[in-house]
>>> print(open('query.cif').read())   # mmCIF, C-alpha atoms
data_protein
#
loop_
_atom_site.group_PDB
_atom_site.id
_atom_site.type_symbol
_atom_site.label_atom_id
_atom_site.label_comp_id
_atom_site.auth_asym_id
_atom_site.auth_seq_id
_atom_site.Cartn_x
_atom_site.Cartn_y
_atom_site.Cartn_z
ATOM 1 C CA LYS A 1 67.764 179.625 128.887
ATOM 2 C CA TRP A 2 70.530 177.124 128.227
ATOM 3 C CA ARG A 3 73.272 177.427 125.635
ATOM 4 C CA VAL A 4 75.597 174.895 124.042
ATOM 5 C CA ILE A 5 79.025 175.877 122.769
ATOM 6 C CA MET A 6 79.878 173.452 119.976
ATOM 7 C CA CYS A 7 83.618 173.515 119.424
ATOM 8 C CA SER A 8 85.198 172.188 116.271
ATOM 9 C CA ARG A 9 88.505 172.648 114.515
ATOM 10 C CA ASP A 10 86.486 173.039 111.289
ATOM 11 C CA ILE A 11 83.725 175.639 111.537
ATOM 12 C CA ASP A 12 82.109 174.542 108.258
ATOM 13 C CA ASN A 13 81.766 170.967 109.556
ATOM 14 C CA ALA A 14 80.198 172.259 112.754
ATOM 15 C CA LYS A 15 77.724 174.410 110.820
ATOM 16 C CA HIS A 16 76.838 171.462 108.607
ATOM 17 C CA ALA A 17 76.277 169.236 111.655
ATOM 18 C CA LEU A 18 74.125 171.892 113.278
ATOM 19 C CA GLU A 19 71.959 172.216 110.168
ATOM 20 C CA THR A 20 71.623 168.499 109.410
ATOM 21 C CA GLU A 21 71.797 166.720 112.767
ATOM 22 C CA PHE A 22 69.862 168.974 115.136
ATOM 23 C CA ASP A 23 66.082 168.929 115.393
ATOM 24 C CA ASP A 24 64.703 172.257 116.610
ATOM 25 C CA HIS A 25 61.823 170.481 118.303
ATOM 26 C CA TYR A 26 64.139 168.584 120.669
ATOM 27 C CA PHE A 27 67.320 170.631 120.589
ATOM 28 C CA PRO A 28 66.865 174.171 119.261
ATOM 29 C CA ARG A 29 69.631 175.272 116.922
ATOM 30 C CA SER A 30 69.224 178.796 118.237
ATOM 31 C CA ASN A 31 70.668 177.616 121.564
ATOM 32 C CA VAL A 32 73.933 176.467 119.946
ATOM 33 C CA ASP A 33 76.966 178.677 119.486
ATOM 34 C CA ILE A 34 79.813 177.441 117.307
ATOM 35 C CA LEU A 35 83.388 178.110 118.364
ATOM 36 C CA GLN A 36 86.587 177.178 116.526
ATOM 37 C CA LEU A 37 88.847 174.997 118.684
ATOM 38 C CA ASP A 38 91.692 172.746 117.631
ATOM 39 C CA ILE A 39 92.635 170.775 120.736
ATOM 40 C CA THR A 40 96.114 170.093 119.354
ATOM 41 C CA ASP A 41 96.909 173.813 119.147
ATOM 42 C CA LYS A 42 97.625 175.570 122.446
ATOM 43 C CA SER A 43 96.939 179.019 120.976
ATOM 44 C CA SER A 44 93.539 177.798 119.731
ATOM 45 C CA ILE A 45 92.778 176.477 123.222
ATOM 46 C CA GLN A 46 93.778 179.795 124.784
ATOM 47 C CA THR A 47 91.711 181.782 122.264
ATOM 48 C CA ALA A 48 88.645 179.606 122.910
ATOM 49 C CA THR A 49 89.093 179.894 126.676
ATOM 50 C CA GLU A 50 89.357 183.685 126.486
ATOM 51 C CA TYR A 51 86.284 183.832 124.239
ATOM 52 C CA ILE A 52 84.300 181.758 126.742
ATOM 53 C CA LYS A 53 85.453 184.010 129.591
ATOM 54 C CA GLN A 54 84.351 187.123 127.735
ATOM 55 C CA CYS A 55 81.111 185.899 126.173
ATOM 56 C CA TYR A 56 79.831 183.657 128.960
ATOM 57 C CA SER A 57 80.897 185.604 132.035
ATOM 58 C CA SER A 58 83.720 183.148 132.768
ATOM 59 C CA LYS A 59 81.232 180.385 133.518
ATOM 60 C CA ILE A 60 79.966 177.242 131.840
ATOM 61 C CA ASN A 61 78.070 174.468 133.564
ATOM 62 C CA VAL A 62 79.340 171.384 131.769
ATOM 63 C CA LEU A 63 82.353 170.488 129.640
ATOM 64 C CA VAL A 64 81.991 167.463 127.371
ATOM 65 C CA ASN A 65 85.310 166.268 125.946
ATOM 66 C CA ASN A 66 84.404 164.392 122.788
ATOM 67 C CA ALA A 67 87.240 165.238 120.393
ATOM 68 C CA GLY A 68 89.426 162.409 119.219
ATOM 69 C CA ILE A 69 90.914 160.575 116.306
ATOM 70 C CA ALA A 70 91.635 156.922 115.633
ATOM 71 C CA PHE A 71 93.816 154.930 113.313
ATOM 72 C CA ARG A 72 93.390 151.478 111.904
ATOM 73 C CA SER A 73 96.232 149.024 112.072
ATOM 74 C CA ASN A 74 96.887 149.268 108.329
ATOM 75 C CA GLN A 75 97.604 152.989 108.801
ATOM 76 C CA PHE A 76 99.933 152.440 111.736
ATOM 77 C CA ASN A 77 103.262 154.262 111.909
ATOM 78 C CA ASP A 78 105.135 156.413 114.441
ATOM 79 C CA SER A 79 103.684 159.637 113.011
ATOM 80 C CA ILE A 80 100.088 158.377 113.277
ATOM 81 C CA VAL A 81 100.684 157.162 116.839
ATOM 82 C CA SER A 82 102.140 160.529 117.817
ATOM 83 C CA GLN A 83 99.271 162.440 116.173
ATOM 84 C CA THR A 84 96.696 160.213 117.873
ATOM 85 C CA ILE A 85 98.247 160.566 121.325
ATOM 86 C CA ASN A 86 98.765 164.303 120.909
ATOM 87 C CA THR A 87 95.079 164.692 120.070
ATOM 88 C CA ASN A 88 93.381 162.130 122.282
ATOM 89 C CA TYR A 89 95.510 162.500 125.395
ATOM 90 C CA TYR A 90 97.549 165.691 125.450
ATOM 91 C CA GLY A 91 94.943 167.766 123.603
ATOM 92 C CA THR A 92 92.198 166.637 125.967
ATOM 93 C CA VAL A 93 94.412 167.317 129.000
ATOM 94 C CA ASN A 94 95.273 170.808 127.746
ATOM 95 C CA VAL A 95 91.648 171.732 126.987
ATOM 96 C CA THR A 96 90.473 170.402 130.327
ATOM 97 C CA LYS A 97 93.152 172.299 132.256
ATOM 98 C CA SER A 98 92.368 175.512 130.413
ATOM 99 C CA ILE A 99 88.581 175.376 130.607
ATOM 100 C CA SER A 100 87.969 173.498 133.881
ATOM 101 C CA PRO A 101 88.301 176.639 136.050
ATOM 102 C CA LEU A 102 85.229 177.948 134.211
ATOM 103 C CA VAL A 103 83.129 174.790 134.759
ATOM 104 C CA SER A 104 80.619 174.977 137.602
ATOM 105 C CA ASP A 105 79.137 171.476 137.531
ATOM 106 C CA ARG A 106 80.567 168.529 135.587
ATOM 107 C CA ILE A 107 83.250 167.434 133.146
ATOM 108 C CA PHE A 108 82.520 164.443 130.915
ATOM 109 C CA PHE A 109 84.927 162.443 128.780
ATOM 110 C CA ILE A 110 83.500 160.541 125.809
ATOM 111 C CA GLY A 111 85.609 157.725 124.399
ATOM 112 C CA SER A 112 85.347 155.018 121.830
ATOM 113 C CA ARG A 113 85.714 151.284 121.785
ATOM 114 C CA ALA A 114 89.392 151.792 120.997
ATOM 115 C CA GLY A 115 89.906 152.971 124.576
ATOM 116 C CA ALA A 116 88.386 149.853 126.129
ATOM 117 C CA LEU A 117 90.611 148.513 128.881
ATOM 118 C CA GLN A 118 89.758 144.882 128.108
ATOM 119 C CA GLN A 119 92.436 144.892 125.416
ATOM 120 C CA TYR A 120 95.153 145.413 128.039
ATOM 121 C CA SER A 121 96.762 143.009 130.497
ATOM 122 C CA LYS A 122 95.311 142.767 133.998
ATOM 123 C CA GLU A 123 98.442 144.470 135.316
ATOM 124 C CA ARG A 124 97.997 147.425 132.931
ATOM 125 C CA GLN A 125 94.281 147.633 133.721
ATOM 126 C CA ASP A 126 95.089 147.810 137.428
ATOM 127 C CA GLN A 127 97.601 150.599 136.773
ATOM 128 C CA LEU A 128 95.120 152.602 134.712
ATOM 129 C CA LEU A 129 92.270 152.126 137.204
ATOM 130 C CA SER A 130 94.293 152.871 140.319
ATOM 131 C CA PRO A 131 92.756 155.658 142.397
ATOM 132 C CA ASP A 132 96.330 156.771 143.106
ATOM 133 C CA LEU A 133 97.219 157.278 139.413
ATOM 134 C CA ASP A 134 98.091 160.914 138.845
ATOM 135 C CA GLU A 135 98.669 162.899 135.677
ATOM 136 C CA THR A 136 102.456 162.524 135.817
ATOM 137 C CA GLN A 137 102.200 158.743 136.130
ATOM 138 C CA LEU A 138 99.612 158.544 133.350
ATOM 139 C CA SER A 139 101.773 160.679 131.079
ATOM 140 C CA SER A 140 104.691 158.336 131.816
ATOM 141 C CA LEU A 141 102.560 155.349 130.810
ATOM 142 C CA ILE A 142 101.635 157.146 127.580
ATOM 143 C CA GLU A 143 105.270 157.859 126.771
ATOM 144 C CA GLU A 144 106.214 154.255 127.646
ATOM 145 C CA TYR A 145 103.576 153.063 125.192
ATOM 146 C CA LYS A 146 104.929 155.343 122.455
ATOM 147 C CA SER A 147 108.427 154.041 123.090
ATOM 148 C CA ASP A 148 107.332 150.385 123.166
ATOM 149 C CA ILE A 149 105.586 150.546 119.802
ATOM 150 C CA SER A 150 108.095 152.742 118.005
ATOM 151 C CA GLY A 151 109.252 151.089 114.820
ATOM 152 C CA LEU A 152 106.587 148.375 114.748
ATOM 153 C CA ASN A 153 104.790 147.615 111.482
ATOM 154 C CA PRO A 154 101.059 147.499 110.681
ATOM 155 C CA GLU A 155 101.139 143.713 110.320
ATOM 156 C CA ASP A 156 102.201 143.495 113.989
ATOM 157 C CA PHE A 157 98.696 144.573 115.043
ATOM 158 C CA ASN A 158 95.187 143.198 115.096
ATOM 159 C CA ASP A 159 92.800 146.148 115.346
ATOM 160 C CA GLU A 160 89.817 144.105 116.508
ATOM 161 C CA ILE A 161 89.013 144.332 120.192
ATOM 162 C CA LYS A 162 87.911 141.005 121.579
#
>>> encode(input="query.cif", output="structure tokens")
Amino acid sequence: KWRVIMCSRDIDNAKHALETEFDDHYFPRSNVDILQLDITDKSSIQTATEYIKQCYSSKINVLVNNAGIAFRSNQFNDSIVSQTINTNYYGTVNVTKSISPLVSDRIFFIGSRAGALQQYSKERQDQLLSPDLDETQLSSLIEEYKSDISGLNPEDFNDEIK
């Protein structure tokens, strides 16, 4: 029998999604466990990891990273950029590092259109797609981005991806 651990920073939202979005005929609700996890909070990540170790014999088959937030250009400021990067990049990295030792088969990363590489220069695309890119280099690129856009205004951006 398979199980799904649905993690959410808001348990009530997860319960609502389970009740309204799942069809028992195709995806039985009884096979879904809900676990509180805020990927921006290291103690929440550690608590979730320990819970999985205890309740699932330190083993899960698949990890699907689907958490993320986005901002629109009219909401743009340094605080929003920092919150977005801390969630979408650092939070995902921290969850993956913590839980990956328990994963037996696959790790998936789900993104949105906002992460499409077509919006970047060919040089930046090549950097991001390099098979030699490691976590330290990627983190440096992230911090370079934060530095480059610090102090810019919402009117400096067009939030439509071509």
>>> atom_distance(input="query.cif", atom1="CA of Gln125 (chain A)", atom2="CA of Glu144 (chain A)")
14.9 Å
>>> residues_around(input="query.cif", residues="Val93 (chain A)", least_positions_apart="6", cutoff="12 Å", atoms="only C-alpha atoms", output="PyMOL selection string")
chain A and resi 39-40+42+45+65+67+85-87+99-100+107+109+135-136+138-139
>>> atom_distance(input="query.cif", atom1="CA of Lys146 (chain A)", atom2="CA of Tyr89 (chain A)")
12.2 Å
>>> closest_residue(input="query.cif", among="A:Phe22, A:Tyr120, A:Tyr51, A:Tyr90", to="Cys7 (chain A)", atoms="all atoms listed in the file")
A:Tyr51
>>> atom_distance(input="query.cif", atom1="CA of Thr96 (chain A)", atom2="CA of Gln46 (chain A)")
11.4 Å
>>> residues_around(input="query.cif", residues="Ser147 (chain A)", least_positions_apart="6", cutoff="12 Å", atoms="all atoms listed in the file", output="PDB file with C-alpha atoms, in the coordinates of the input")
ATOM      1  CA  ASP A  78     105.135 156.413 114.441  1.00  0.00           C
ATOM      2  CA  VAL A  81     100.684 157.162 116.839  1.00  0.00           C
ATOM      3  CA  SER A  82     102.140 160.529 117.817  1.00  0.00           C
ATOM      4  CA  SER A 140     104.691 158.336 131.816  1.00  0.00           C
ATOM      5  CA  LEU A 141     102.560 155.349 130.810  1.00  0.00           C
TER       6      LEU A 141
END
>>> closest_residue(input="query.cif", among="A:Ile80, A:Leu37, A:Ile52, A:Leu133", to="Thr92 (chain A)", atoms="all atoms listed in the file")
A:Leu37
>>> resolve_selection(input="query.cif", expression="the PyMOL selection byres ((chain A and resi 27-32) around 9)", output="tab-separated table (two decimals) with C-alpha atoms, keeping the file's coordinate frame")
chain	number	residue	atom	x	y	z
A	1	LYS	CA	67.76	179.62	128.89
A	2	TRP	CA	70.53	177.12	128.23
A	3	ARG	CA	73.27	177.43	125.64
A	4	VAL	CA	75.60	174.90	124.04
A	5	ILE	CA	79.03	175.88	122.77
A	6	MET	CA	79.88	173.45	119.98
A	18	LEU	CA	74.12	171.89	113.28
A	19	GLU	CA	71.96	172.22	110.17
A	22	PHE	CA	69.86	168.97	115.14
A	23	ASP	CA	66.08	168.93	115.39
A	24	ASP	CA	64.70	172.26	116.61
A	25	HIS	CA	61.82	170.48	118.30
A	26	TYR	CA	64.14	168.58	120.67
A	33	ASP	CA	76.97	178.68	119.49
A	34	ILE	CA	79.81	177.44	117.31
>>> residues_around(input="query.cif", residues="Ser98 (chain A)", least_positions_apart="3", cutoff="7 Å", atoms="all atoms listed in the file", output="mmCIF file with C-alpha atoms, in the coordinates of the input")
data_model
loop_
_atom_site.group_PDB
_atom_site.id
_atom_site.type_symbol
_atom_site.label_atom_id
_atom_site.label_comp_id
_atom_site.auth_asym_id
_atom_site.auth_seq_id
_atom_site.Cartn_x
_atom_site.Cartn_y
_atom_site.Cartn_z
ATOM 1 C CA THR A 49 89.093 179.894 126.676
ATOM 2 C CA ASN A 94 95.273 170.808 127.746
ATOM 3 C CA VAL A 95 91.648 171.732 126.987
#
>>> resolve_selection(input="query.cif", expression="the PyMOL selection byres ((chain A and resi 71) around 10)", output="JSON, numbers by chain")
{"A": [69, 70, 72, 73, 74, 75, 76, 77, 80, 81, 83, 84, 114, 159]}
>>> resolve_selection(input="query.cif", expression="the PyMOL selection byres ((chain A and resi 56-63) around 6)", output="PDB file with C-alpha atoms, keeping the file's coordinate frame")
ATOM      1  CA  ILE A  52      84.300 181.758 126.742  1.00  0.00           C
ATOM      2  CA  LYS A  53      85.453 184.010 129.591  1.00  0.00           C
ATOM      3  CA  GLN A  54      84.351 187.123 127.735  1.00  0.00           C
ATOM      4  CA  CYS A  55      81.111 185.899 126.173  1.00  0.00           C
ATOM      5  CA  VAL A  64      81.991 167.463 127.371  1.00  0.00           C
ATOM      6  CA  LEU A 102      85.229 177.948 134.211  1.00  0.00           C
ATOM      7  CA  VAL A 103      83.129 174.790 134.759  1.00  0.00           C
ATOM      8  CA  SER A 104      80.619 174.977 137.602  1.00  0.00           C
ATOM      9  CA  ASP A 105      79.137 171.476 137.531  1.00  0.00           C
ATOM     10  CA  ARG A 106      80.567 168.529 135.587  1.00  0.00           C
ATOM     11  CA  ILE A 107      83.250 167.434 133.146  1.00  0.00           C
TER      12      ILE A 107
END
>>> closest_residue(input="query.cif", among="A:Ser8, A:Ser121, A:Gln127, A:Ser79", to="Ile149 (chain A)", atoms="only C-alpha atoms")
A:Ser79
>>> closest_residue(input="query.cif", among="A:Asp132, A:Asp148, A:Asp41, A:Glu143", to="Arg9 (chain A)", atoms="only C-alpha atoms")
A:Asp41
